Structure formats: C-alpha cells, structure tokens
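Coordinates from data.tsv are shown below (TSV, C-alpha atoms).
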```tsv
chain	number	residue	atom	x	y	z
A	1	MET	CA	-10.21	60.59	-85.37
A	2	LYS	CA	-11.89	57.29	-84.52
A	3	PRO	CA	-9.57	54.24	-84.77
A	4	MET	CA	-11.67	52.69	-87.55
A	5	LYS	CA	-11.23	55.77	-89.75
A	6	ASN	CA	-7.49	55.35	-89.49
A	7	ILE	CA	-7.78	51.64	-90.28
A	8	PHE	CA	-9.48	52.37	-93.61
A	9	SER	CA	-7.63	55.61	-94.43
A	10	GLY	CA	-4.93	53.92	-96.51
A	11	ASN	CA	-7.24	51.68	-98.56
A	12	LYS	CA	-6.02	48.71	-96.52
A	13	LYS	CA	-8.37	45.75	-96.27
A	14	ALA	CA	-9.42	45.02	-92.70
A	15	LEU	CA	-10.29	41.89	-90.77
A	16	ILE	CA	-13.36	42.12	-88.52
A	17	VAL	CA	-13.77	39.35	-85.96
A	18	PHE	CA	-17.06	38.87	-84.14
A	19	ASP	CA	-17.17	37.46	-80.62
A	20	CYS	CA	-19.77	37.24	-77.91
A	21	ALA	CA	-18.98	39.60	-75.05
A	22	GLY	CA	-18.87	37.78	-71.73
A	23	PHE	CA	-18.48	34.34	-73.34
A	24	PRO	CA	-17.99	31.89	-71.79
A	25	ASP	CA	-17.50	34.15	-68.75
A	26	MET	CA	-16.27	37.71	-68.25
A	27	GLN	CA	-12.67	36.82	-67.42
A	28	THR	CA	-12.21	34.45	-70.35
A	29	SER	CA	-13.99	36.86	-72.67
A	30	GLU	CA	-11.40	39.55	-72.00
A	31	LYS	CA	-8.64	37.03	-72.70
A	32	ARG	CA	-10.34	36.06	-75.97
A	33	ILE	CA	-10.61	39.66	-77.15
A	34	ASN	CA	-6.99	40.34	-76.22
A	35	GLU	CA	-5.90	37.28	-78.17
A	36	ILE	CA	-7.93	38.25	-81.23
A	37	LEU	CA	-6.55	41.78	-81.35
A	38	SER	CA	-2.99	40.82	-80.43
A	39	ALA	CA	-2.99	38.32	-83.32
A	40	GLY	CA	-3.67	41.14	-85.77
A	41	ALA	CA	-7.43	41.55	-86.20
A	42	ASP	CA	-8.15	45.17	-87.12
A	43	ILE	CA	-11.65	45.39	-85.63
A	44	VAL	CA	-13.59	43.38	-83.08
A	45	GLU	CA	-17.37	43.33	-83.10
A	46	LEU	CA	-18.69	42.37	-79.69
A	47	GLY	CA	-22.21	41.03	-79.45
A	48	ILE	CA	-24.04	41.86	-76.22
A	49	PRO	CA	-25.74	38.71	-74.86
A	50	PHE	CA	-29.51	38.67	-75.14
A	51	SER	CA	-32.06	36.02	-74.15
A	52	ASP	CA	-33.96	36.14	-77.47
A	53	PRO	CA	-31.44	36.86	-80.25
A	54	MET	CA	-33.76	36.25	-83.20
A	55	ALA	CA	-31.39	37.66	-85.82
A	56	ASP	CA	-28.53	35.34	-84.87
A	57	GLY	CA	-27.81	31.71	-85.69
A	58	ALA	CA	-27.48	28.73	-83.38
A	59	VAL	CA	-23.77	29.18	-82.60
A	60	ILE	CA	-24.16	32.76	-81.38
A	61	GLN	CA	-27.45	32.01	-79.60
A	62	GLU	CA	-25.76	29.25	-77.60
A	63	ALA	CA	-22.81	31.52	-76.75
A	64	TYR	CA	-25.19	34.24	-75.55
A	65	GLN	CA	-27.01	31.77	-73.29
A	66	THR	CA	-23.71	30.60	-71.78
A	67	ALA	CA	-22.59	34.19	-71.18
A	68	LEU	CA	-25.88	35.12	-69.52
A	69	GLN	CA	-25.81	32.04	-67.31
A	70	ASN	CA	-22.32	33.06	-66.18
A	71	GLY	CA	-23.38	36.59	-65.23
A	72	ALA	CA	-22.59	38.73	-68.27
A	73	ASP	CA	-24.40	42.06	-68.45
A	74	LEU	CA	-23.87	45.37	-70.20
A	75	SER	CA	-22.39	47.19	-67.20
A	76	LYS	CA	-19.74	44.48	-66.75
A	77	ILE	CA	-19.05	44.51	-70.48
A	78	THR	CA	-18.50	48.28	-70.64
A	79	ALA	CA	-16.09	47.97	-67.69
A	80	MET	CA	-14.21	45.24	-69.58
A	81	LEU	CA	-14.16	47.40	-72.71
A	82	LYS	CA	-12.26	50.11	-70.86
A	83	ASN	CA	-9.41	47.63	-70.35
A	84	ILE	CA	-9.57	46.62	-74.01
A	85	ARG	CA	-9.54	50.20	-75.25
A	86	ASP	CA	-6.64	51.12	-72.94
A	87	THR	CA	-4.63	48.17	-74.29
A	88	PHE	CA	-5.57	48.62	-77.95
A	89	PRO	CA	-6.17	52.34	-78.63
A	90	GLU	CA	-5.55	51.84	-82.36
A	91	LYS	CA	-8.03	49.00	-82.94
A	92	GLY	CA	-11.62	49.30	-84.11
A	93	LEU	CA	-14.38	48.35	-81.68
A	94	ILE	CA	-18.00	47.72	-82.70
A	95	ILE	CA	-20.78	46.92	-80.23
A	96	SER	CA	-23.81	45.01	-81.48
A	97	GLY	CA	-27.03	44.02	-79.82
A	98	TYR	CA	-30.79	44.31	-79.60
A	99	CYS	CA	-33.03	47.28	-78.77
A	100	ASN	CA	-34.36	45.86	-75.52
A	101	ILE	CA	-30.89	45.61	-73.95
A	102	PHE	CA	-30.01	49.18	-74.85
A	103	LEU	CA	-33.43	50.57	-73.89
A	104	GLN	CA	-33.25	48.95	-70.47
A	105	TYR	CA	-29.73	50.27	-69.97
A	106	GLY	CA	-30.79	53.74	-71.12
A	107	TYR	CA	-29.74	55.33	-74.41
A	108	GLU	CA	-28.25	58.40	-72.74
A	109	LYS	CA	-26.06	56.31	-70.45
A	110	LEU	CA	-25.16	53.88	-73.23
A	111	PHE	CA	-24.06	56.49	-75.77
A	112	ALA	CA	-22.16	58.49	-73.16
A	113	GLU	CA	-20.20	55.38	-72.16
A	114	LEU	CA	-19.58	54.32	-75.76
A	115	ALA	CA	-18.26	57.79	-76.56
A	116	ALA	CA	-15.96	57.73	-73.51
A	117	LEU	CA	-14.63	54.34	-74.65
A	118	ASP	CA	-14.05	55.66	-78.19
A	119	ILE	CA	-16.28	52.93	-79.64
A	120	ASP	CA	-16.32	53.18	-83.42
A	121	ALA	CA	-19.88	52.06	-84.09
A	122	LEU	CA	-23.05	50.63	-82.62
A	123	ARG	CA	-25.02	47.96	-84.44
A	124	ILE	CA	-28.64	47.55	-83.37
A	125	LEU	CA	-29.90	44.43	-85.11
A	126	ASP	CA	-33.62	45.01	-84.70
A	127	LEU	CA	-33.84	48.78	-85.21
A	128	PRO	CA	-35.24	49.54	-88.69
A	129	ALA	CA	-34.25	52.74	-90.48
A	130	GLU	CA	-37.77	54.08	-89.97
A	131	GLU	CA	-37.19	54.10	-86.21
A	132	PHE	CA	-33.73	55.63	-86.29
A	133	ALA	CA	-35.16	58.88	-84.92
A	134	GLU	CA	-35.33	57.07	-81.59
A	135	ILE	CA	-31.53	57.17	-81.25
A	136	ALA	CA	-30.70	60.11	-83.53
A	137	PRO	CA	-30.34	62.67	-80.69
A	138	TYR	CA	-27.75	60.44	-79.02
A	139	THR	CA	-25.71	59.65	-82.12
A	140	GLU	CA	-25.50	63.38	-82.80
A	141	LYS	CA	-24.77	64.38	-79.20
A	142	TYR	CA	-22.08	61.79	-78.55
A	143	GLY	CA	-20.67	61.24	-82.04
A	144	VAL	CA	-21.21	57.48	-81.98
A	145	LYS	CA	-22.02	56.23	-85.46
A	146	ILE	CA	-23.92	53.12	-86.48
A	147	VAL	CA	-23.37	50.03	-88.56
A	148	ILE	CA	-25.61	50.03	-91.64
A	149	THR	CA	-26.83	46.68	-92.95
A	150	ALA	CA	-27.68	46.17	-96.64
A	151	SER	CA	-29.04	42.90	-97.98
A	152	THR	CA	-30.16	41.44	-101.29
A	153	SER	CA	-33.73	42.41	-100.36
A	154	THR	CA	-32.82	46.08	-99.78
A	155	SER	CA	-34.44	48.17	-102.51
A	156	ASP	CA	-32.59	51.04	-104.19
A	157	ASP	CA	-34.80	53.61	-102.45
A	158	ARG	CA	-34.29	52.01	-99.07
A	159	LEU	CA	-30.53	51.79	-99.62
A	160	LYS	CA	-30.43	55.55	-100.25
A	161	LYS	CA	-32.24	56.14	-96.96
A	162	LEU	CA	-29.89	53.82	-95.11
A	163	LEU	CA	-26.79	55.46	-96.53
A	164	ALA	CA	-28.08	58.85	-95.41
A	165	LEU	CA	-27.84	57.71	-91.78
A	166	PRO	CA	-24.71	58.52	-89.75
A	167	GLY	CA	-22.92	55.27	-90.51
A	168	SER	CA	-19.30	54.27	-90.15
A	169	ILE	CA	-19.38	50.98	-92.10
A	170	VAL	CA	-21.86	48.99	-94.19
A	171	TYR	CA	-22.35	45.27	-93.62
A	172	CYS	CA	-23.37	43.63	-96.90
A	173	ASP	CA	-24.89	40.24	-97.70
A	174	ASN	CA	-22.64	39.56	-100.66
A	175	ALA	CA	-20.35	41.09	-103.29
A	176	GLN	CA	-23.26	42.21	-105.49
A	177	VAL	CA	-24.78	44.22	-102.64
A	178	ALA	CA	-21.35	45.61	-101.71
A	179	ALA	CA	-20.76	46.79	-105.28
A	180	LYS	CA	-24.08	48.65	-105.21
A	181	VAL	CA	-23.16	50.21	-101.85
A	182	LYS	CA	-19.70	51.30	-103.01
A	183	ALA	CA	-21.25	53.00	-106.04
A	184	GLN	CA	-23.13	55.31	-103.67
A	185	THR	CA	-20.90	55.92	-100.66
A	186	VAL	CA	-17.30	56.23	-99.49
A	187	LEU	CA	-18.11	54.20	-96.39
A	188	PRO	CA	-16.24	50.88	-96.16
A	189	ALA	CA	-18.18	47.77	-97.15
A	190	ALA	CA	-17.76	44.55	-95.19
A	191	ILE	CA	-18.84	41.03	-96.12
A	192	LYS	CA	-18.76	37.79	-94.16
A	193	ALA	CA	-16.07	35.38	-95.43
A	194	CYS	CA	-15.33	37.53	-98.50
A	195	SER	CA	-12.18	39.61	-99.04
A	196	SER	CA	-13.23	41.37	-102.25
A	197	PHE	CA	-14.10	44.70	-100.63
A	198	ASP	CA	-12.93	46.84	-97.70
A	199	ALA	CA	-13.34	44.36	-94.88
A	200	MET	CA	-13.95	40.66	-94.28
A	201	ILE	CA	-16.06	39.51	-91.33
A	202	VAL	CA	-15.34	36.32	-89.39
A	203	GLY	CA	-18.29	35.30	-87.25
A	204	ASP	CA	-19.28	31.81	-86.11
A	205	ALA	CA	-15.79	30.42	-86.71
A	206	ALA	CA	-14.34	32.72	-84.05
A	207	VAL	CA	-17.12	32.04	-81.54
A	208	LYS	CA	-16.55	28.28	-81.94
A	209	THR	CA	-12.77	28.60	-81.49
A	210	PRO	CA	-11.50	28.15	-77.93
A	211	CYS	CA	-9.28	30.63	-76.15
A	212	GLY	CA	-5.67	29.81	-76.99
A	213	LYS	CA	-6.50	28.86	-80.58
A	214	LEU	CA	-7.94	32.21	-81.71
A	215	ALA	CA	-4.57	33.62	-82.77
A	216	ASP	CA	-4.16	30.80	-85.30
A	217	LEU	CA	-7.65	31.48	-86.67
A	218	VAL	CA	-7.00	35.21	-86.99
A	219	LYS	CA	-3.69	34.67	-88.81
A	220	ALA	CA	-5.28	32.16	-91.18
A	221	GLU	CA	-8.12	34.57	-92.00
A	222	GLN	CA	-5.70	37.47	-92.42
A	223	SER	CA	-3.80	35.54	-95.05
A	224	LYS	CA	-6.94	35.67	-97.23
A	225	LEU	CA	-6.97	39.47	-97.39
```

Can you turn what I pasted into structure tokens?
Amino acid sequence: MKPMKNIFSGNKKALIVFDCAGFPDMQTSEKRINEILSAGADIVELGIPFSDPMADGAVIQEAYQTALQNGADLSKITAMLKNIRDTFPEKGLIISGYCNIFLQYGYEKLFAELAALDIDALRILDLPAEEFAEIAPYTEKYGVKIVITASTSTSDDRLKKLLALPGSIVYCDNAQVAAKVKAQTVLPAAIKACSSFDAMIVGDAAVKTPCGKLADLVKAEQSKL
C-alpha cells in the first residue's frame, strides 16, 4: 500500500507542505525536506524547477530560478528522493511539474523511477484531462497515480471526467469545491490554508522559510488541523 493511503486510512487530517526541489541548492534542499518531514508533515509535494512556470506565483518562480542556477535537474532530484524515501518510508511524496520537463526526461524513465521510489502521486500542472491519454499507459504500467485539480471554474461534467482518472488526491480551490468533490468520490480533498477537509496545503510560506526555521512552521501549521 502506498504511504499516502495509510496516511488517510484512519480519517486523520494531513498536512501537505510544498517545497521547491533543489532550492536553493541540492544539498540544502535535502536538508529542508528532512526538516519538514521530521517536524511532522505527513506529505511533501516537491516542485520540479522549470524555466517558465506559468501556473505558479512569484515566490515559487523565484525559487525555481535559484534552483536552476545552482544546477538542479530531474536526475539529481530523483537521486535525492531515494535518500528521502529511505529515511521516511511512511511519509507521502508528491512530485509536481510541467509537461516539458517530463517529456524531455522521458515518460517511461520517469514513471519507472517514480514507481521504484514509491512516489504517491504525480502532478502535471499543464496537462489537461483531454490529454491524459498521453500518460495513461505509464500510470497503468507503473501504478503511479496523479493529483487531480478541481477549481471553481470546473463544470460538473468536467469534474466527473476528472474524478474518473486514476487519482490519489484532489487539490481544490476552496471549501465549496471540496464539498462538491467529496460528494462524488472517496479520494481525499486538499485545500491550501484550510483545514476543513482531508488535508491542508502549505505552499509559499514554506518556500519563503529558511532552513532551520521550517520545523517551527510545520508545527504551527499542524496545530491548525
């Protein structure tokens, strides 16, 4: 069973912390992730640095640029993730990024490595549901599920299509969207800075917090669950 399934198996609310993989450099990034998980975060979502992250805000864009300038790339990140998974076999790990990165790396290679690392889910920010067939053979072959995103602009028909995909968790814009999602699926619903549903996401706040101070942030956010 994937670690994330165990995390949600007892109806426990989970804390998801986002961080930029390779930020500010590979060595410090591993220390940051260790600190986040050691402090009690249930799941870490690691964003793969990209030169044109259109779906992300200024804080994450700046972190990605720093990571890229300091040599971060997907092969180094997967090597780092092996250390993280060996240290934290019970924690949830989500990888997020953009199509171009994963296409250049190769879907076959990517999904094989994610499966070997027991990664819970892959989030591709710019892959619409209509193009899911592009990665469907790999999700099925390697058993790596995806993060589904539902927003206030997602129609009822589109939500049904999204929830039919092999997802492991649904990221929701707000509580209203999460309520609609939970009425149609048993998948956990996660919302940024909101503890009303299955999981709360901490994003920019973690990226802006320096190594050595992340444990305090995680404990403060946990107290809201």

Selection near Asp56 in chain A, 10 Å with all atoms listed in the file, sequence-local residues under 5 positions removed, as a list in words:
Gln61, Glu62, Tyr64, Leu125 and Asp204 of chain A

d(CA of Ala14 in chain A, CA of Asp42 in chain A) in Å
5.7 Å

Residues at most 9 Å from Ile60 in chain A, counting only C-alpha atoms, excluding those fewer than 5 positions away in the same chain, as a PyMOL selection string?
chain A and resi 19-20+47+49+53+65+203-204+207-208

Determine, counting all atoms listed in the file, which protein, DNA and RNA residues have an atom within 9 Å of an atom of Val202 in chain A; residues of the same chain fewer than 6 positions away are not included. Present the result as a list in words.
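So the residues in contact are Leu15, Ile16, Val17, Phe18, Ile191, Lys192, Ala193, Val218 and Glu221 of chain A.
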
Could you give me, as a VMD selection string, the residues that sit within 7 Å of (-9.9, 40.1, -101.1) in the file's coordinates, counting all atoms listed in the file?
chain A and resid 194 to 197 224 to 225

Among the residues A:Asp126, A:Thr139, A:Gln27, A:Ala116, the one that comes closest to Ala55 in chain A [using only C-alpha atoms]:
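Of the candidates, the smallest distance to Ala55 in chain A is held by A:Asp126.
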
Using only C-alpha atoms, which of the listed residues (A:Leu187, A:Leu74, A:Leu81, A:Ala58) sits closest to Glu30 in chain A?
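Using only C-alpha atoms, Glu30 in chain A sits closest to A:Leu81.
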
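CA of Leu93 in chain A is positioned 5.4 Å from CA of Ile119 in chain A.
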
Taking all atoms listed in the file into account, name the residue in A:Ile95, A:Cys211, A:Ala41, A:Ala190 that is nearest to Ser223 in chain A.
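Smallest separation from Ser223 in chain A among the options: A:Ala41.
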
Rank A:Lys76, A:Arg32, A:Lys2, A:Lys13 by their smallest atom-to-atom distance to Ile48 in chain A, using only C-alpha atoms, and report the top residue only.
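Ranking A:Lys76, A:Arg32, A:Lys2, A:Lys13 by distance to Ile48 in chain A, first place goes to A:Lys76.
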
Counting only C-alpha atoms, which of A:Ala72, A:Leu110, A:Met4, A:Ile169 gets nearest to Lys91 in chain A?
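Smallest distance to Lys91 in chain A is found for A:Met4.
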
Contacts of range 170-184 of chain A at 10 Å or less, counting only C-alpha atoms, minus same-chain residues fewer than 3 places along, as an MDAnalysis selection string?
chainID A and resid 123 146:154 156 159:160 162:163 167 187:201

Missing atoms in range 95-125 of chain A: fill them in up to N, CA and C atoms and send the result as an mmCIF file, in the coordinates of the input.
```cif
data_model
loop_
_atom_site.group_PDB
_atom_site.id
_atom_site.type_symbol
_atom_site.label_atom_id
_atom_site.label_comp_id
_atom_site.auth_asym_id
_atom_site.auth_seq_id
_atom_site.Cartn_x
_atom_site.Cartn_y
_atom_site.Cartn_z
ATOM 1 N N ILE A 95 -19.867 47.572 -81.171
ATOM 2 C CA ILE A 95 -20.780 46.920 -80.230
ATOM 3 C C ILE A 95 -22.070 46.601 -80.970
ATOM 4 N N SER A 96 -22.541 45.369 -80.829
ATOM 5 C CA SER A 96 -23.810 45.010 -81.480
ATOM 6 C C SER A 96 -24.755 44.374 -80.478
ATOM 7 N N GLY A 97 -26.040 44.584 -80.727
ATOM 8 C CA GLY A 97 -27.030 44.020 -79.820
ATOM 9 C C GLY A 97 -28.441 44.385 -80.227
ATOM 10 N N TYR A 98 -29.362 44.145 -79.323
ATOM 11 C CA TYR A 98 -30.790 44.310 -79.600
ATOM 12 C C TYR A 98 -31.364 45.486 -78.808
ATOM 13 N N CYS A 99 -32.414 46.077 -79.358
ATOM 14 C CA CYS A 99 -33.030 47.280 -78.770
ATOM 15 C C CYS A 99 -33.328 47.142 -77.293
ATOM 16 N N ASN A 100 -33.921 46.016 -76.900
ATOM 17 C CA ASN A 100 -34.360 45.860 -75.520
ATOM 18 C C ASN A 100 -33.216 46.039 -74.524
ATOM 19 N N ILE A 101 -32.048 45.485 -74.853
ATOM 20 C CA ILE A 101 -30.890 45.610 -73.950
ATOM 21 C C ILE A 101 -30.544 47.080 -73.765
ATOM 22 N N PHE A 102 -30.459 47.788 -74.893
ATOM 23 C CA PHE A 102 -30.010 49.180 -74.850
ATOM 24 C C PHE A 102 -31.075 50.100 -74.239
ATOM 25 N N LEU A 103 -32.346 49.787 -74.495
ATOM 26 C CA LEU A 103 -33.430 50.570 -73.890
ATOM 27 C C LEU A 103 -33.416 50.430 -72.377
ATOM 28 N N GLN A 104 -33.252 49.195 -71.910
ATOM 29 C CA GLN A 104 -33.250 48.950 -70.470
ATOM 30 C C GLN A 104 -32.041 49.621 -69.807
ATOM 31 N N TYR A 105 -30.939 49.653 -70.502
ATOM 32 C CA TYR A 105 -29.730 50.270 -69.970
ATOM 33 C C TYR A 105 -29.859 51.793 -69.959
ATOM 34 N N GLY A 106 -30.595 52.299 -70.960
ATOM 35 C CA GLY A 106 -30.790 53.740 -71.120
ATOM 36 C C GLY A 106 -29.900 54.274 -72.231
ATOM 37 N N TYR A 107 -30.514 54.847 -73.260
ATOM 38 C CA TYR A 107 -29.740 55.330 -74.410
ATOM 39 C C TYR A 107 -28.734 56.408 -74.020
ATOM 40 N N GLU A 108 -29.160 57.319 -73.140
ATOM 41 C CA GLU A 108 -28.250 58.400 -72.740
ATOM 42 C C GLU A 108 -26.992 57.827 -72.085
ATOM 43 N N LYS A 109 -27.184 56.936 -71.154
ATOM 44 C CA LYS A 109 -26.060 56.310 -70.450
ATOM 45 C C LYS A 109 -25.205 55.497 -71.421
ATOM 46 N N LEU A 110 -25.863 54.731 -72.272
ATOM 47 C CA LEU A 110 -25.160 53.880 -73.230
ATOM 48 C C LEU A 110 -24.257 54.703 -74.149
ATOM 49 N N PHE A 111 -24.837 55.708 -74.794
ATOM 50 C CA PHE A 111 -24.060 56.490 -75.770
ATOM 51 C C PHE A 111 -22.951 57.284 -75.097
ATOM 52 N N ALA A 112 -23.200 57.769 -73.891
ATOM 53 C CA ALA A 112 -22.160 58.490 -73.160
ATOM 54 C C ALA A 112 -20.977 57.570 -72.865
ATOM 55 N N GLU A 113 -21.275 56.335 -72.468
ATOM 56 C CA GLU A 113 -20.200 55.380 -72.160
ATOM 57 C C GLU A 113 -19.474 54.941 -73.425
ATOM 58 N N LEU A 114 -20.209 54.718 -74.502
ATOM 59 C CA LEU A 114 -19.580 54.320 -75.760
ATOM 60 C C LEU A 114 -18.652 55.420 -76.279
ATOM 61 N N ALA A 115 -19.085 56.663 -76.140
ATOM 62 C CA ALA A 115 -18.260 57.790 -76.560
ATOM 63 C C ALA A 115 -16.982 57.876 -75.719
ATOM 64 N N ALA A 116 -17.117 57.676 -74.405
ATOM 65 C CA ALA A 116 -15.960 57.730 -73.510
ATOM 66 C C ALA A 116 -14.966 56.622 -73.818
ATOM 67 N N LEU A 117 -15.472 55.490 -74.307
ATOM 68 C CA LEU A 117 -14.630 54.340 -74.650
ATOM 69 C C LEU A 117 -14.097 54.419 -76.084
ATOM 70 N N ASP A 118 -14.464 55.487 -76.804
ATOM 71 C CA ASP A 118 -14.050 55.660 -78.190
ATOM 72 C C ASP A 118 -14.485 54.473 -79.063
ATOM 73 N N ILE A 119 -15.718 54.014 -78.831
ATOM 74 C CA ILE A 119 -16.280 52.930 -79.640
ATOM 75 C C ILE A 119 -16.582 53.474 -81.032
ATOM 76 N N ASP A 120 -16.202 52.705 -82.042
ATOM 77 C CA ASP A 120 -16.320 53.180 -83.420
ATOM 78 C C ASP A 120 -17.747 53.164 -83.943
ATOM 79 N N ALA A 121 -18.523 52.169 -83.542
ATOM 80 C CA ALA A 121 -19.880 52.060 -84.090
ATOM 81 C C ALA A 121 -20.744 51.176 -83.226
ATOM 82 N N LEU A 122 -22.040 51.439 -83.297
ATOM 83 C CA LEU A 122 -23.050 50.630 -82.620
ATOM 84 C C LEU A 122 -23.928 49.984 -83.681
ATOM 85 N N ARG A 123 -24.141 48.693 -83.521
ATOM 86 C CA ARG A 123 -25.020 47.960 -84.440
ATOM 87 C C ARG A 123 -26.231 47.455 -83.664
ATOM 88 N N ILE A 124 -27.406 47.985 -84.021
ATOM 89 C CA ILE A 124 -28.640 47.550 -83.370
ATOM 90 C C ILE A 124 -29.396 46.681 -84.376
ATOM 91 N N LEU A 125 -29.428 45.391 -84.107
ATOM 92 C CA LEU A 125 -29.900 44.430 -85.110
ATOM 93 C C LEU A 125 -31.371 44.549 -85.435
#
```
